[in-house]
file protein06.tsv (TSV, C-alpha atoms and all ligand atoms)
chain	number	residue	atom	x	y	z
O	24	MET	CA	-17.71	-51.52	-20.89
O	25	LYS	CA	-20.99	-50.92	-22.72
O	26	PRO	CA	-23.77	-49.92	-20.30
O	27	SER	CA	-27.22	-51.16	-21.32
O	28	GLY	CA	-30.64	-51.95	-19.87
O	29	VAL	CA	-31.69	-51.14	-16.32
O	30	MET	CA	-28.22	-51.71	-14.89
O	31	GLY	CA	-26.70	-49.51	-17.57
O	32	SER	CA	-29.18	-46.72	-16.83
O	33	ALA	CA	-28.38	-46.99	-13.12
O	34	ALA	CA	-24.63	-46.83	-13.87
O	35	GLY	CA	-25.20	-43.68	-15.92
O	36	TRP	CA	-27.20	-42.11	-13.08
O	37	VAL	CA	-24.38	-42.84	-10.62
O	38	MET	CA	-21.76	-41.37	-12.99
O	39	ALA	CA	-23.85	-38.25	-13.47
O	40	HIS	CA	-24.41	-37.64	-9.73
O	41	ARG	CA	-21.16	-38.73	-8.07
O	42	GLY	CA	-19.35	-35.60	-6.92
O	43	SER	CA	-15.86	-36.86	-7.80
O	44	ASN	CA	-16.95	-37.77	-11.34
O	45	ARG	CA	-18.55	-34.37	-11.83
O	46	ALA	CA	-15.31	-32.76	-10.62
O	47	ARG	CA	-13.16	-34.83	-13.03
O	48	ASN	CA	-15.34	-33.99	-16.00
O	49	GLN	CA	-15.42	-30.26	-15.22
O	50	TRP	CA	-11.65	-30.25	-14.57
O	51	THR	CA	-10.96	-31.85	-17.96
O	52	VAL	CA	-13.01	-29.24	-19.83
O	53	ASP	CA	-11.28	-26.46	-17.85
O	54	LEU	CA	-7.82	-27.85	-18.68
O	55	LEU	CA	-8.73	-27.99	-22.36
O	56	ASN	CA	-9.67	-24.32	-22.28
O	57	VAL	CA	-12.70	-24.96	-24.48
O	58	GLN	CA	-13.72	-21.70	-26.15
O	59	SER	CA	-16.56	-20.25	-28.14
O	60	GLY	CA	-16.23	-21.30	-31.78
O	61	ASP	CA	-14.37	-24.54	-31.01
O	62	CYS	CA	-15.36	-27.84	-32.61
O	63	VAL	CA	-15.11	-30.38	-29.80
O	64	LEU	CA	-15.27	-34.19	-29.76
O	65	GLU	CA	-15.74	-36.31	-26.65
O	66	ILE	CA	-14.95	-40.02	-26.83
O	67	GLY	CA	-17.11	-42.15	-24.51
O	68	CYS	CA	-19.35	-39.27	-23.42
O	69	GLY	CA	-21.44	-41.46	-21.10
O	70	PRO	CA	-24.32	-39.49	-19.51
O	71	GLY	CA	-23.04	-36.20	-20.95
O	72	LEU	CA	-21.60	-34.31	-17.97
O	73	ALA	CA	-18.56	-32.92	-19.77
O	74	LEU	CA	-20.64	-32.23	-22.89
O	75	ASN	CA	-22.78	-30.02	-20.68
O	76	SER	CA	-19.71	-28.07	-19.51
O	77	CYS	CA	-18.47	-27.70	-23.10
O	78	LEU	CA	-21.84	-26.48	-24.33
O	79	ALA	CA	-21.83	-23.76	-21.67
O	80	ARG	CA	-18.66	-22.41	-23.33
O	81	VAL	CA	-19.24	-23.19	-27.02
O	82	ASP	CA	-22.02	-21.12	-28.58
O	83	VAL	CA	-21.11	-20.80	-32.24
O	84	GLY	CA	-19.01	-23.99	-32.53
O	85	LYS	CA	-20.07	-27.62	-32.48
O	86	VAL	CA	-19.87	-30.30	-29.80
O	87	ILE	CA	-19.98	-34.00	-30.70
O	88	GLY	CA	-20.36	-36.84	-28.20
O	89	LEU	CA	-19.45	-40.37	-29.29
O	90	ASP	CA	-20.35	-43.49	-27.34
O	91	HIS	CA	-20.98	-47.11	-28.29
O	92	SER	CA	-23.84	-47.35	-25.75
O	93	GLN	CA	-27.28	-46.14	-26.83
O	94	THR	CA	-28.30	-46.08	-23.15
O	95	MET	CA	-25.55	-43.53	-22.45
O	96	LEU	CA	-26.39	-41.45	-25.52
O	97	ASP	CA	-30.04	-41.29	-24.42
O	98	GLN	CA	-28.93	-39.89	-21.06
O	99	ALA	CA	-26.51	-37.45	-22.72
O	100	ARG	CA	-29.29	-36.21	-24.99
O	101	ALA	CA	-31.74	-35.78	-22.09
O	102	ARG	CA	-29.10	-33.91	-20.05
O	103	ASN	CA	-28.39	-31.53	-22.96
O	104	ALA	CA	-31.82	-31.47	-24.60
O	105	GLU	CA	-31.91	-27.82	-25.57
O	106	ALA	CA	-28.47	-27.81	-27.23
O	107	TYR	CA	-29.40	-31.03	-29.05
O	108	ARG	CA	-32.62	-29.43	-30.38
O	109	GLN	CA	-30.65	-26.36	-31.47
O	110	GLY	CA	-28.18	-28.53	-33.38
O	111	ARG	CA	-25.22	-27.37	-31.27
O	112	LEU	CA	-24.79	-30.92	-29.95
O	113	GLU	CA	-24.46	-34.00	-32.14
O	114	LEU	CA	-24.47	-37.51	-30.66
O	115	GLN	CA	-22.94	-40.42	-32.53
O	116	LEU	CA	-23.47	-44.09	-31.72
O	117	GLY	CA	-20.29	-45.98	-32.47
O	118	ASN	CA	-16.93	-47.32	-31.48
O	119	VAL	CA	-14.01	-44.94	-31.06
O	120	ASP	CA	-12.04	-46.84	-33.70
O	121	GLY	CA	-14.80	-46.64	-36.29
O	122	PHE	CA	-16.17	-43.13	-36.05
O	123	VAL	CA	-16.38	-40.88	-39.07
O	124	VAL	CA	-16.45	-37.08	-39.05
O	125	ALA	CA	-17.08	-34.78	-41.94
O	126	ASN	CA	-16.31	-31.42	-40.38
O	127	GLY	CA	-12.63	-30.97	-41.24
O	128	GLY	CA	-11.29	-31.61	-37.76
O	129	PHE	CA	-11.54	-30.50	-34.15
O	130	GLU	CA	-9.89	-27.90	-31.95
O	131	LYS	CA	-10.38	-30.11	-28.89
O	132	ILE	CA	-10.76	-33.89	-28.40
O	133	TYR	CA	-11.01	-35.52	-24.99
O	134	SER	CA	-12.15	-38.49	-22.95
O	135	VAL	CA	-12.80	-39.05	-19.23
O	136	ASN	CA	-12.45	-42.55	-17.75
O	137	VAL	CA	-12.48	-44.30	-21.11
O	138	VAL	CA	-8.85	-44.99	-21.99
O	139	GLN	CA	-8.74	-48.12	-19.81
O	140	PHE	CA	-11.38	-49.75	-22.04
O	141	LEU	CA	-9.57	-49.18	-25.35
O	142	PRO	CA	-8.39	-52.45	-26.92
O	143	ASP	CA	-5.68	-50.77	-29.02
O	144	PRO	CA	-4.77	-47.38	-27.49
O	145	ALA	CA	-1.80	-46.82	-29.83
O	146	THR	CA	-4.07	-46.94	-32.89
O	147	THR	CA	-6.75	-44.87	-31.18
O	148	PHE	CA	-4.33	-42.05	-30.35
O	149	GLN	CA	-3.09	-42.04	-33.98
O	150	LYS	CA	-6.69	-41.67	-35.08
O	151	LEU	CA	-7.41	-38.88	-32.59
O	152	TYR	CA	-4.28	-37.05	-33.75
O	153	SER	CA	-5.45	-37.25	-37.37
O	154	HIS	CA	-8.80	-35.68	-36.39
O	155	LEU	CA	-7.25	-32.66	-34.65
O	156	LYS	CA	-6.73	-29.38	-36.46
O	157	PRO	CA	-3.18	-27.92	-36.35
O	158	ASN	CA	-2.54	-26.61	-32.80
O	159	GLY	CA	-5.59	-28.57	-31.62
O	160	VAL	CA	-5.40	-30.14	-28.15
O	161	ALA	CA	-6.33	-33.61	-26.87
O	162	ALA	CA	-6.90	-34.51	-23.21
O	163	THR	CA	-7.25	-37.95	-21.66
O	164	THR	CA	-8.38	-38.17	-18.04
O	165	TYR	CA	-7.97	-41.35	-16.03
O	166	LEU	CA	-8.76	-42.53	-12.52
O	167	PRO	CA	-7.14	-45.82	-11.44
O	168	ARG	CA	-9.65	-48.65	-11.19
O	169	ASN	CA	-7.47	-51.51	-9.96
O	170	LYS	CA	-7.77	-53.05	-6.47
O	171	ASN	CA	-6.39	-50.69	-3.80
O	172	PRO	CA	-5.43	-47.99	-6.30
O	173	SER	CA	-2.79	-45.39	-5.51
O	174	ARG	CA	-1.18	-42.25	-6.91
O	175	VAL	CA	1.59	-44.47	-8.30
O	176	ASP	CA	-1.01	-46.39	-10.38
O	177	ALA	CA	-2.45	-43.13	-11.71
O	178	LEU	CA	1.00	-41.83	-12.68
O	179	GLU	CA	1.96	-45.16	-14.25
O	180	MET	CA	-1.10	-45.01	-16.51
O	181	ALA	CA	-0.36	-41.36	-17.29
O	182	LYS	CA	3.11	-42.40	-18.44
O	183	ASN	CA	1.62	-45.07	-20.74
O	184	ILE	CA	-0.87	-42.59	-22.21
O	185	ALA	CA	1.87	-40.00	-22.74
O	186	GLY	CA	3.97	-42.62	-24.53
O	187	HIS	CA	1.11	-43.46	-26.91
O	188	MET	CA	0.46	-39.77	-27.55
O	189	GLU	CA	4.10	-38.98	-28.29
O	190	ALA	CA	4.35	-41.99	-30.61
O	191	ALA	CA	1.25	-40.72	-32.46
O	192	GLY	CA	2.93	-37.34	-33.04
O	193	PHE	CA	1.51	-35.18	-30.23
O	194	LYS	CA	3.83	-32.41	-28.98
O	195	ASN	CA	4.11	-30.62	-25.63
O	196	VAL	CA	2.66	-33.68	-23.87
O	197	ARG	CA	2.12	-32.98	-20.18
O	198	VAL	CA	0.47	-34.60	-17.16
O	199	GLU	CA	-1.84	-32.80	-14.72
O	200	GLU	CA	-3.15	-34.18	-11.41
O	201	LEU	CA	-6.47	-33.52	-9.71
O	202	PRO	CA	-5.85	-34.10	-5.99
O	203	LEU	CA	-8.89	-36.20	-5.12
O	204	ARG	CA	-8.82	-38.36	-2.00
O	205	PRO	CA	-7.49	-41.00	-1.52
O	206	PHE	CA	-5.68	-40.88	-4.87
O	207	PRO	CA	-5.58	-38.35	-7.69
O	208	ALA	CA	-7.05	-38.38	-11.17
O	209	VAL	CA	-4.58	-37.66	-13.96
O	210	CYS	CA	-5.06	-35.89	-17.26
O	211	VAL	CA	-2.57	-36.16	-20.12
O	212	LEU	CA	-2.70	-33.32	-22.62
O	213	GLY	CA	-0.95	-32.96	-25.96
O	214	GLU	CA	-1.06	-30.70	-29.00
O	215	ARG	CA	-0.99	-31.35	-32.72
R	301	LIG	C1	-16.73	-45.14	-17.20
R	301	LIG	S1	-17.79	-44.50	-18.47
R	301	LIG	C2	-17.32	-42.77	-18.44
R	301	LIG	C3	-18.41	-41.89	-19.00
R	301	LIG	C4	-18.10	-40.37	-18.96
R	301	LIG	N1	-16.95	-40.07	-19.76
R	301	LIG	C5	-17.92	-39.88	-17.54
R	301	LIG	O1	-16.78	-39.69	-17.10
R	301	LIG	O2	-18.93	-39.67	-16.86
R	301	LIG	C6	-17.03	-45.07	-19.98
R	301	LIG	C7	-17.86	-44.72	-21.22
R	301	LIG	O3	-17.10	-45.02	-22.38
R	301	LIG	C8	-17.90	-45.72	-23.31
R	301	LIG	N2	-16.98	-46.55	-24.11
R	301	LIG	C9	-16.15	-47.52	-23.65
R	301	LIG	N3	-15.42	-48.04	-24.65
R	301	LIG	C10	-15.81	-47.38	-25.79
R	301	LIG	C11	-15.44	-47.49	-27.16
R	301	LIG	N4	-14.51	-48.37	-27.55
R	301	LIG	N5	-16.03	-46.68	-28.07
R	301	LIG	C12	-16.99	-45.78	-27.66
R	301	LIG	N6	-17.39	-45.64	-26.36
R	301	LIG	C13	-16.81	-46.43	-25.44
R	301	LIG	C14	-18.89	-46.51	-22.45
R	301	LIG	O4	-20.06	-46.85	-23.16
R	301	LIG	C15	-19.15	-45.52	-21.33
R	301	LIG	O5	-20.21	-44.64	-21.62

call {"tool": "encode", "arguments": {"input": "protein06.tsv", "output": "structure tokens", "more": "lines below"}}
Ligand SMILES: C[S@@+](CC[C@H](N)C(=O)[O-])C[C@H]1O[C@@H](n2cnc3c(N)ncnc32)[C@H](O)[C@@H]1O
result
Amino acid sequence: MKPSGVMGSAAGWVMAHRGSNRARNQWTVDLLNVQSGDCVLEIGCGPGLALNSCLARVDVGKVIGLDHSQTMLDQARARNAEAYRQGRLELQLGNVDGFVVANGGFEKIYSVNVVQFLPDPATTFQKLYSHLKPNGVAATTYLPRNKNPSRVDALEMAKNIAGHMEAAGFKNVRVEELPLRPFPAVCVLGER
């Protein structure tokens, strides 16, 4: 998924305004317990909803949004224009498997509704682990997208994500559920 052009802009608008998507993004940032002074990385930031929630909490730290869609980064920048001007927000155009950071690591790394698009999740979670500081936390939120999705589908994906995270070295891996109707979103969290 790489939103672009008019359709991509429309998809970003829908993501930014749909109540359930706003709730999932806010919930993920709350679960991560993002704090002032944290360095935070979001993978697949889309129109920048969760970045906005992080920036409300992080004043002296740094928030980075990565996405391989320039259309999405443009929306994320517009949504968080003041923080971008102040240098508190950095936006990187690129693929999750190719990004480079020069800041010595992150306290928090997360994604919302991106994991299903990763071609090689095992390698991606190894990479995310290597970019976390000791005791740093990663969170991966997922909402089932298959035909007639159910809670079982959400929990099945959560189990897969947890397996990748444990194989990459994450400890204290746990699954949280956000009870949306008609099926929940799941978030898998783990620590370095
Ligand atoms: C369904 S959207 C979710 C956007 C946002 N996280 C939200 O919940 O509103 C998925 C986003 O991930 C980005 N994306 C998908 N695969 C990616 C990859 N391999 N590297 C970087 N970004 C990716 C897409 O461009 C898109 O913005």

call {"tool": "residues_around", "arguments": {"input": "protein06.tsv", "residues": "range 157-161 of chain O", "least_positions_apart": "3", "cutoff": "9 Å", "atoms": "all atoms listed in the file", "output": "PyMOL selection string"}}
result
chain O and resi 55+128-134+151-152+193+211-215

call {"tool": "residues_near_ligand", "arguments": {"input": "protein06.tsv", "ligand": "ligand LIG 301 (chain R)", "cutoff": "9 Å", "atoms": "all atoms listed in the file", "output": "ChimeraX atom specification"}}
result
/O:24-27,34-35,37-39,44-45,47-48,65-73,89-96,116-122,134-142,164

call {"tool": "closest_residue", "arguments": {"input": "protein06.tsv", "among": "O:Lys85, O:Lys182, O:Lys156, O:Lys150", "to": "Val196 in chain O", "atoms": "only C-alpha atoms"}}
result
O:Lys182

call {"tool": "residues_around", "arguments": {"input": "protein06.tsv", "residues": "Val83 in chain O", "least_positions_apart": "6", "cutoff": "9 Å", "atoms": "only C-alpha atoms", "output": "PyMOL selection string"}}
result
chain O and resi 59-61+111

call {"tool": "atom_distance", "arguments": {"input": "protein06.tsv", "atom1": "CA of Arg41 in chain O", "atom2": "CA of Pro144 in chain O"}}
result
26.8 Å

call {"tool": "closest_residue", "arguments": {"input": "protein06.tsv", "among": "O:Ala101, O:Thr146, O:Gln115, O:Leu78", "to": "Gly192 in chain O", "atoms": "only C-alpha atoms"}}
result
O:Thr146

call {"tool": "closest_residue", "arguments": {"input": "protein06.tsv", "among": "O:Phe206, O:Gly84, O:Leu74, O:Arg102", "to": "Asn169 in chain O", "atoms": "all atoms listed in the file"}}
result
O:Phe206

call {"tool": "closest_residue", "arguments": {"input": "protein06.tsv", "among": "O:Ser153, O:Ser32, O:Ala208, O:Ala191", "to": "Glu179 in chain O", "atoms": "all atoms listed in the file"}}
result
O:Ala208

call {"tool": "atom_distance", "arguments": {"input": "protein06.tsv", "atom1": "CA of Leu64 in chain O", "atom2": "CA of Pro167 in chain O"}}
result
23.2 Å

call {"tool": "residues_around", "arguments": {"input": "protein06.tsv", "residues": "Leu178 in chain O", "least_positions_apart": "3", "cutoff": "12 Å", "atoms": "all atoms listed in the file", "output": "ChimeraX atom specification"}}
result
/O:164-167,172-175,181-185,197-201,206-211

call {"tool": "atom_distance", "arguments": {"input": "protein06.tsv", "atom1": "CA of Val86 in chain O", "atom2": "CA of Gln149 in chain O"}}
result
20.9 Å

call {"tool": "closest_residue", "arguments": {"input": "protein06.tsv", "among": "O:Ala190, O:Cys62, O:Ala46, O:Leu54", "to": "Thr163 in chain O", "atoms": "all atoms listed in the file"}}
result
O:Leu54

call {"tool": "closest_residue", "arguments": {"input": "protein06.tsv", "among": "O:Met188, O:Leu203, O:Met30, O:Val81", "to": "Ala145 in chain O", "atoms": "only C-alpha atoms"}}
result
O:Met188

call {"tool": "decode", "arguments": {"input": "protein06.tsv", "residues": "range 34-152 of chain O", "atoms": "C-alpha atoms", "output": "PDB file, in the first residue's frame"}}
result
ATOM      1  CA  ALA O  34      -7.500   7.785   1.506  1.00  0.00           C
ATOM      2  CA  GLY O  35      -5.411   9.916   3.861  1.00  0.00           C
ATOM      3  CA  TRP O  36      -8.374  12.198   4.552  1.00  0.00           C
ATOM      4  CA  VAL O  37     -10.565   9.195   5.410  1.00  0.00           C
ATOM      5  CA  MET O  38      -7.882   7.745   7.721  1.00  0.00           C
ATOM      6  CA  ALA O  39      -7.503  11.081   9.480  1.00  0.00           C
ATOM      7  CA  HIS O  40     -11.250  11.589  10.051  1.00  0.00           C
ATOM      8  CA  ARG O  41     -12.613   8.094  10.727  1.00  0.00           C
ATOM      9  CA  GLY O  42     -13.456   7.881  14.426  1.00  0.00           C
ATOM     10  CA  SER O  43     -12.275   4.288  14.852  1.00  0.00           C
ATOM     11  CA  ASN O  44      -8.902   5.080  13.262  1.00  0.00           C
ATOM     12  CA  ARG O  45      -8.450   8.107  15.487  1.00  0.00           C
ATOM     13  CA  ALA O  46      -9.256   5.921  18.506  1.00  0.00           C
ATOM     14  CA  ARG O  47      -6.724   3.234  17.470  1.00  0.00           C
ATOM     15  CA  ASN O  48      -3.964   5.768  16.968  1.00  0.00           C
ATOM     16  CA  GLN O  49      -4.603   7.521  20.292  1.00  0.00           C
ATOM     17  CA  TRP O  50      -4.872   4.161  22.094  1.00  0.00           C
ATOM     18  CA  THR O  51      -1.493   3.050  20.725  1.00  0.00           C
ATOM     19  CA  VAL O  52       0.260   6.208  21.930  1.00  0.00           C
ATOM     20  CA  ASP O  53      -1.428   5.840  25.347  1.00  0.00           C
ATOM     21  CA  LEU O  54      -0.306   2.204  25.647  1.00  0.00           C
ATOM     22  CA  LEU O  55       3.255   3.207  24.807  1.00  0.00           C
ATOM     23  CA  ASN O  56       3.216   5.742  27.622  1.00  0.00           C
ATOM     24  CA  VAL O  57       5.076   8.276  25.480  1.00  0.00           C
ATOM     25  CA  GLN O  58       6.749  10.816  27.752  1.00  0.00           C
ATOM     26  CA  SER O  59       8.491  14.148  27.562  1.00  0.00           C
ATOM     27  CA  GLY O  60      12.103  13.631  26.490  1.00  0.00           C
ATOM     28  CA  ASP O  61      11.411  10.414  24.551  1.00  0.00           C
ATOM     29  CA  CYS O  62      12.777   9.867  21.050  1.00  0.00           C
ATOM     30  CA  VAL O  63       9.915   8.252  19.150  1.00  0.00           C
ATOM     31  CA  LEU O  64       9.720   6.605  15.720  1.00  0.00           C
ATOM     32  CA  GLU O  65       6.499   5.804  13.879  1.00  0.00           C
ATOM     33  CA  ILE O  66       6.623   3.384  10.947  1.00  0.00           C
ATOM     34  CA  GLY O  67       4.013   4.123   8.259  1.00  0.00           C
ATOM     35  CA  CYS O  68       2.811   7.359   9.854  1.00  0.00           C
ATOM     36  CA  GLY O  69       0.205   8.010   7.137  1.00  0.00           C
ATOM     37  CA  PRO O  70      -1.592  11.356   7.671  1.00  0.00           C
ATOM     38  CA  GLY O  71       0.093  11.874  11.052  1.00  0.00           C
ATOM     39  CA  LEU O  72      -2.657  11.270  13.632  1.00  0.00           C
ATOM     40  CA  ALA O  73      -0.501   9.376  16.124  1.00  0.00           C
ATOM     41  CA  LEU O  74       2.410  11.755  15.513  1.00  0.00           C
ATOM     42  CA  ASN O  75       0.083  14.519  16.657  1.00  0.00           C
ATOM     43  CA  SER O  76      -0.695  12.633  19.888  1.00  0.00           C
ATOM     44  CA  CYS O  77       3.017  11.976  20.506  1.00  0.00           C
ATOM     45  CA  LEU O  78       3.937  15.606  19.922  1.00  0.00           C
ATOM     46  CA  ALA O  79       1.396  16.677  22.540  1.00  0.00           C
ATOM     47  CA  ARG O  80       3.422  14.639  25.063  1.00  0.00           C
ATOM     48  CA  VAL O  81       6.997  15.054  23.817  1.00  0.00           C
ATOM     49  CA  ASP O  82       8.350  18.579  24.236  1.00  0.00           C
ATOM     50  CA  VAL O  83      12.092  18.193  24.638  1.00  0.00           C
ATOM     51  CA  GLY O  84      12.471  14.879  22.772  1.00  0.00           C
ATOM     52  CA  LYS O  85      12.174  14.103  19.082  1.00  0.00           C
ATOM     53  CA  VAL O  86       9.431  12.481  17.018  1.00  0.00           C
ATOM     54  CA  ILE O  87      10.182  10.907  13.631  1.00  0.00           C
ATOM     55  CA  GLY O  88       7.554   9.736  11.149  1.00  0.00           C
ATOM     56  CA  LEU O  89       8.597   7.363   8.363  1.00  0.00           C
ATOM     57  CA  ASP O  90       6.447   6.550   5.350  1.00  0.00           C
ATOM     58  CA  HIS O  91       7.190   5.488   1.782  1.00  0.00           C
ATOM     59  CA  SER O  92       4.371   7.707   0.458  1.00  0.00           C
ATOM     60  CA  GLN O  93       5.140  11.385  -0.155  1.00  0.00           C
ATOM     61  CA  THR O  94       1.381  12.037  -0.276  1.00  0.00           C
ATOM     62  CA  MET O  95       1.056  10.756   3.303  1.00  0.00           C
ATOM     63  CA  LEU O  96       4.096  12.693   4.504  1.00  0.00           C
ATOM     64  CA  ASP O  97       2.642  15.904   3.043  1.00  0.00           C
ATOM     65  CA  GLN O  98      -0.537  15.337   5.071  1.00  0.00           C
ATOM     66  CA  ALA O  99       1.449  14.467   8.207  1.00  0.00           C
ATOM     67  CA  ARG O 100       3.474  17.666   7.827  1.00  0.00           C
ATOM     68  CA  ALA O 101       0.357  19.813   7.318  1.00  0.00           C
ATOM     69  CA  ARG O 102      -1.328  18.213  10.345  1.00  0.00           C
ATOM     70  CA  ASN O 103       1.722  18.911  12.542  1.00  0.00           C
ATOM     71  CA  ALA O 104       3.008  22.076  10.878  1.00  0.00           C
ATOM     72  CA  GLU O 105       4.097  23.942  13.986  1.00  0.00           C
ATOM     73  CA  ALA O 106       6.102  21.037  15.451  1.00  0.00           C
ATOM     74  CA  TYR O 107       7.692  20.484  12.029  1.00  0.00           C
ATOM     75  CA  ARG O 108       8.747  24.157  11.848  1.00  0.00           C
ATOM     76  CA  GLN O 109      10.142  23.946  15.384  1.00  0.00           C
ATOM     77  CA  GLY O 110      12.217  20.887  14.454  1.00  0.00           C
ATOM     78  CA  ARG O 111      10.458  18.667  17.018  1.00  0.00           C
ATOM     79  CA  LEU O 112       9.063  16.540  14.186  1.00  0.00           C
ATOM     80  CA  GLU O 113      11.158  14.958  11.441  1.00  0.00           C
ATOM     81  CA  LEU O 114       9.548  13.223   8.461  1.00  0.00           C
ATOM     82  CA  GLN O 115      11.460  10.647   6.441  1.00  0.00           C
ATOM     83  CA  LEU O 116      10.458   9.340   3.028  1.00  0.00           C
ATOM     84  CA  GLY O 117      11.455   5.706   2.763  1.00  0.00           C
ATOM     85  CA  ASN O 118      10.765   2.046   3.214  1.00  0.00           C
ATOM     86  CA  VAL O 119      10.737   0.564   6.697  1.00  0.00           C
ATOM     87  CA  ASP O 120      13.485  -1.875   5.720  1.00  0.00           C
ATOM     88  CA  GLY O 121      15.788   0.836   4.412  1.00  0.00           C
ATOM     89  CA  PHE O 122      15.541   3.675   6.894  1.00  0.00           C
ATOM     90  CA  VAL O 123      18.613   5.134   8.546  1.00  0.00           C
ATOM     91  CA  VAL O 124      18.721   6.971  11.871  1.00  0.00           C
ATOM     92  CA  ALA O 125      21.624   8.806  13.382  1.00  0.00           C
ATOM     93  CA  ASN O 126      20.271   9.589  16.825  1.00  0.00           C
ATOM     94  CA  GLY O 127      21.516   6.618  18.853  1.00  0.00           C
ATOM     95  CA  GLY O 128      18.169   4.888  19.191  1.00  0.00           C
ATOM     96  CA  PHE O 129      14.596   5.362  20.343  1.00  0.00           C
ATOM     97  CA  GLU O 130      12.676   4.965  23.582  1.00  0.00           C
ATOM     98  CA  LYS O 131       9.504   4.142  21.646  1.00  0.00           C
ATOM     99  CA  ILE O 132       8.833   2.675  18.172  1.00  0.00           C
ATOM    100  CA  TYR O 133       5.358   1.885  16.891  1.00  0.00           C
ATOM    101  CA  SER O 134       3.099   1.352  13.905  1.00  0.00           C
ATOM    102  CA  VAL O 135      -0.678   1.397  13.411  1.00  0.00           C
ATOM    103  CA  ASN O 136      -2.246  -0.658  10.608  1.00  0.00           C
ATOM    104  CA  VAL O 137       1.021  -1.207   8.768  1.00  0.00           C
ATOM    105  CA  VAL O 138       2.238  -4.671   9.772  1.00  0.00           C
ATOM    106  CA  GLN O 139      -0.033  -6.383   7.230  1.00  0.00           C
ATOM    107  CA  PHE O 140       1.860  -4.654   4.396  1.00  0.00           C
ATOM    108  CA  LEU O 141       5.351  -5.747   5.471  1.00  0.00           C
ATOM    109  CA  PRO O 142       6.909  -8.201   2.996  1.00  0.00           C
ATOM    110  CA  ASP O 143       9.335  -9.654   5.571  1.00  0.00           C
ATOM    111  CA  PRO O 144       8.036  -8.975   9.106  1.00  0.00           C
ATOM    112  CA  ALA O 145      10.686 -11.160  10.786  1.00  0.00           C
ATOM    113  CA  THR O 146      13.494  -9.001   9.384  1.00  0.00           C
ATOM    114  CA  THR O 147      11.591  -5.790  10.109  1.00  0.00           C
ATOM    115  CA  PHE O 148      11.119  -6.665  13.790  1.00  0.00           C
ATOM    116  CA  GLN O 149      14.854  -7.485  14.078  1.00  0.00           C
ATOM    117  CA  LYS O 150      15.598  -4.069  12.649  1.00  0.00           C
ATOM    118  CA  LEU O 151      13.151  -2.304  14.976  1.00  0.00           C
ATOM    119  CA  TYR O 152      14.695  -4.122  17.948  1.00  0.00           C
TER     120      TYR O 152
END
